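Coordinates from my_file.cif are shown below (mmCIF, C-alpha atoms and all ligand atoms).
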```cif
data_coords
#
loop_
_atom_site.group_PDB
_atom_site.id
_atom_site.type_symbol
_atom_site.label_atom_id
_atom_site.label_comp_id
_atom_site.auth_asym_id
_atom_site.auth_seq_id
_atom_site.Cartn_x
_atom_site.Cartn_y
_atom_site.Cartn_z
ATOM 1 C CA MET A 1 -31.329 34.854 -18.461
ATOM 2 C CA GLU A 2 -30.077 35.365 -21.970
ATOM 3 C CA GLY A 3 -28.404 32.549 -23.842
ATOM 4 C CA MET A 4 -25.622 30.520 -22.306
ATOM 5 C CA MET A 5 -23.088 33.264 -21.692
ATOM 6 C CA THR A 6 -20.425 31.986 -19.380
ATOM 7 C CA ASP A 7 -18.930 34.373 -16.891
ATOM 8 C CA TYR A 8 -15.183 34.448 -17.427
ATOM 9 C CA THR A 9 -14.505 37.215 -14.897
ATOM 10 C CA ALA A 10 -12.640 34.941 -12.481
ATOM 11 C CA LEU A 11 -10.666 33.361 -15.307
ATOM 12 C CA ALA A 12 -9.759 36.780 -16.726
ATOM 13 C CA GLU A 13 -8.447 37.752 -13.297
ATOM 14 C CA ARG A 14 -6.349 34.602 -13.122
ATOM 15 C CA LEU A 15 -4.998 35.240 -16.604
ATOM 16 C CA ARG A 16 -4.113 38.841 -15.762
ATOM 17 C CA ALA A 17 -2.273 37.659 -12.636
ATOM 18 C CA ARG A 18 -0.384 35.082 -14.723
ATOM 19 C CA LEU A 19 0.437 37.744 -17.299
ATOM 20 C CA ALA A 20 1.844 40.020 -14.578
ATOM 21 C CA GLU A 21 3.916 37.126 -13.224
ATOM 22 C CA LEU A 22 5.288 36.363 -16.700
ATOM 23 C CA ALA A 23 6.103 40.018 -17.287
ATOM 24 C CA GLY A 24 7.973 40.149 -13.967
ATOM 25 C CA ARG A 25 10.013 37.063 -14.765
ATOM 26 C CA SER A 26 10.729 38.299 -18.268
ATOM 27 C CA GLU A 27 11.887 41.639 -16.898
ATOM 28 C CA ARG A 28 14.286 39.975 -14.473
ATOM 29 C CA ILE A 29 15.700 37.837 -17.279
ATOM 30 C CA GLU A 30 16.190 40.867 -19.488
ATOM 31 C CA ASP A 31 17.901 42.728 -16.648
ATOM 32 C CA ASP A 32 20.187 39.746 -16.214
ATOM 33 C CA LEU A 33 20.931 39.633 -19.949
ATOM 34 C CA ARG A 34 21.879 43.293 -19.921
ATOM 35 C CA GLY A 35 24.306 42.721 -17.046
ATOM 36 C CA ALA A 36 27.990 43.293 -17.810
ATOM 37 C CA LEU A 37 30.045 40.271 -18.751
ATOM 38 C CA ASP A 38 32.647 39.077 -16.283
ATOM 39 C CA ALA A 39 36.233 40.060 -17.123
ATOM 40 C CA ASP A 40 37.523 36.507 -16.850
ATOM 41 C CA TYR A 41 37.403 34.670 -20.183
ATOM 42 C CA ALA A 42 36.173 31.316 -18.822
ATOM 43 C CA GLU A 43 33.512 33.139 -16.859
ATOM 44 C CA GLN A 44 32.501 34.990 -20.012
ATOM 45 C CA ALA A 45 32.062 31.758 -21.952
ATOM 46 C CA SER A 46 29.787 30.330 -19.282
ATOM 47 C CA GLU A 47 27.886 33.588 -19.043
ATOM 48 C CA ILE A 48 27.301 33.565 -22.781
ATOM 49 C CA ALA A 49 25.952 30.010 -22.541
ATOM 50 C CA ASP A 50 23.746 31.113 -19.637
ATOM 51 C CA ASP A 51 22.537 34.079 -21.656
ATOM 52 C CA GLU A 52 21.534 31.817 -24.517
ATOM 53 C CA ALA A 53 19.574 29.588 -22.131
ATOM 54 C CA LEU A 54 17.956 32.675 -20.604
ATOM 55 C CA GLU A 55 16.999 33.966 -24.031
ATOM 56 C CA GLU A 56 15.252 30.664 -24.705
ATOM 57 C CA VAL A 57 13.396 30.859 -21.406
ATOM 58 C CA ASP A 58 12.462 34.444 -22.198
ATOM 59 C CA ALA A 59 11.122 33.426 -25.619
ATOM 60 C CA VAL A 60 8.951 30.747 -23.973
ATOM 61 C CA LEU A 61 7.653 33.288 -21.435
ATOM 62 C CA GLN A 62 6.897 35.795 -24.206
ATOM 63 C CA ALA A 63 5.052 33.164 -26.240
ATOM 64 C CA GLU A 64 2.888 32.244 -23.241
ATOM 65 C CA ALA A 65 2.257 35.921 -22.493
ATOM 66 C CA GLY A 66 1.160 36.400 -26.109
ATOM 67 C CA GLN A 67 -1.305 33.520 -25.889
ATOM 68 C CA ILE A 68 -2.698 34.776 -22.596
ATOM 69 C CA GLY A 69 -3.026 38.293 -23.997
ATOM 70 C CA ALA A 70 -4.963 36.873 -26.948
ATOM 71 C CA ALA A 71 -7.216 34.862 -24.588
ATOM 72 C CA LEU A 72 -7.961 38.045 -22.598
ATOM 73 C CA MET A 73 -8.868 39.820 -25.850
ATOM 74 C CA ARG A 74 -11.267 36.994 -26.705
ATOM 75 C CA ILE A 75 -12.852 37.222 -23.249
ATOM 76 C CA GLU A 76 -13.335 40.958 -23.813
ATOM 77 C CA ASN A 77 -14.850 40.647 -27.279
ATOM 78 C CA GLY A 78 -17.017 37.676 -26.355
ATOM 79 C CA THR A 79 -15.424 35.072 -28.600
ATOM 80 C CA TYR A 80 -13.629 33.288 -25.782
ATOM 81 C CA GLY A 81 -14.553 29.626 -25.304
ATOM 82 C CA THR A 82 -15.745 29.190 -28.887
ATOM 83 C CA CYS A 83 -13.776 26.901 -31.164
ATOM 84 C CA GLY A 84 -12.029 28.901 -33.870
ATOM 85 C CA ASN A 85 -12.397 25.995 -36.270
ATOM 86 C CA CYS A 86 -15.927 24.574 -35.904
ATOM 87 C CA GLY A 87 -17.593 27.253 -33.794
ATOM 88 C CA GLU A 88 -18.632 24.822 -31.058
ATOM 89 C CA THR A 89 -18.286 25.728 -27.389
ATOM 90 C CA ILE A 90 -14.988 24.567 -25.930
ATOM 91 C CA ALA A 91 -15.563 22.331 -22.895
ATOM 92 C CA PRO A 92 -14.971 24.224 -19.605
ATOM 93 C CA ALA A 93 -12.681 21.421 -18.380
ATOM 94 C CA ARG A 94 -10.482 21.954 -21.433
ATOM 95 C CA LEU A 95 -10.334 25.705 -20.822
ATOM 96 C CA GLU A 96 -9.564 25.030 -17.181
ATOM 97 C CA ALA A 97 -6.556 22.916 -18.178
ATOM 98 C CA GLU A 98 -5.560 25.110 -21.109
ATOM 99 C CA PRO A 99 -7.025 28.607 -20.781
ATOM 100 C CA ALA A 100 -5.391 29.789 -24.021
ATOM 101 C CA ALA A 101 -6.994 27.016 -26.103
ATOM 102 C CA THR A 102 -8.590 28.339 -29.294
ATOM 103 C CA ARG A 103 -9.973 25.023 -30.542
ATOM 104 C CA CYS A 104 -12.269 22.402 -29.079
ATOM 105 C CA ILE A 105 -10.832 19.012 -28.180
ATOM 106 C CA LYS A 106 -12.056 17.462 -31.454
ATOM 107 C CA CYS A 107 -10.472 20.117 -33.664
ATOM 108 C CA ALA A 108 -7.263 20.214 -31.623
ATOM 109 C CA ALA A 109 -6.801 16.439 -31.963
HETATM 110 ZN ZN ZN B 1 -13.927 22.602 -32.965
#
```

As structure tokens - that is how I would like this structure written.
Ligand SMILES: [Zn+2]
Amino acid sequence: MEGMMTDYTALAERLRARLAELAGRSERIEDDLRGALDADYAEQASEIADDEALEEVDAVLQAEAGQIGAALMRIENGTYGTCGNCGETIAPARLEAEPAATRCIKCAA
């Protein structure tokens, strides 16, 4: 056995599933945002407020998708699980709780 390479295959699968879920939700939100505004003025005002809330949710989803995409890239190029600051291995329990973590617990603190 060479080195201490951790197998992240199962994690990568989980991350891809999460990414697909986020993309689906984001798509539904964008469809909703593109929907025609109601003719009634009061309805329009509440729809605009809803749209703003949806845009915020969408931004959060996109940010998470971006982090997961970056984590998948790191799994592919073999840098996943290594602290980007000190180069130490990030504890598996930390990655379990926060798969997109790029720093070990000490550096993140
Ligand atoms: Zn570190």

Collect all residues with atoms no farther than 9 Å from ligand ZN 1 (chain B), counting all atoms listed in the file, and output them as a PDB file with C-alpha atoms, keeping the file's coordinate frame.
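What follows is the written file part.pdb:
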```pdb
ATOM      1  CA  THR A  82     -15.745  29.190 -28.887  1.00  0.00           C
ATOM      2  CA  CYS A  83     -13.776  26.901 -31.164  1.00  0.00           C
ATOM      3  CA  GLY A  84     -12.029  28.901 -33.870  1.00  0.00           C
ATOM      4  CA  ASN A  85     -12.397  25.995 -36.270  1.00  0.00           C
ATOM      5  CA  CYS A  86     -15.927  24.574 -35.904  1.00  0.00           C
ATOM      6  CA  GLY A  87     -17.593  27.253 -33.794  1.00  0.00           C
ATOM      7  CA  GLU A  88     -18.632  24.822 -31.058  1.00  0.00           C
ATOM      8  CA  THR A  89     -18.286  25.728 -27.389  1.00  0.00           C
ATOM      9  CA  ILE A  90     -14.988  24.567 -25.930  1.00  0.00           C
ATOM     10  CA  THR A 102      -8.590  28.339 -29.294  1.00  0.00           C
ATOM     11  CA  ARG A 103      -9.973  25.023 -30.542  1.00  0.00           C
ATOM     12  CA  CYS A 104     -12.269  22.402 -29.079  1.00  0.00           C
ATOM     13  CA  ILE A 105     -10.832  19.012 -28.180  1.00  0.00           C
ATOM     14  CA  LYS A 106     -12.056  17.462 -31.454  1.00  0.00           C
ATOM     15  CA  CYS A 107     -10.472  20.117 -33.664  1.00  0.00           C
ATOM     16  CA  ALA A 108      -7.263  20.214 -31.623  1.00  0.00           C
TER      17      ALA A 108
END
```

* Answer key for the PyMOL selection byres (((chain A and resi 52-67) around 10) and not hetatm), residues as a PyMOL selection string -> chain A and resi 15-16+18-23+25-30+32-33+46-51+68-73+99-102

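Our summary of the geometry notes that atom CA of Ala109 of chain A is positioned 26.4 Å from atom CA of Asp7 of chain A.
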
* **Atomic separation - atom CA of Ile75 of chain A relative to atom CA of Leu11 of chain A, Å** => 9.1 Å

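In this model, the gap between atom CA of Pro92 of chain A and atom CA of Ala17 of chain A comes to 19.8 Å.
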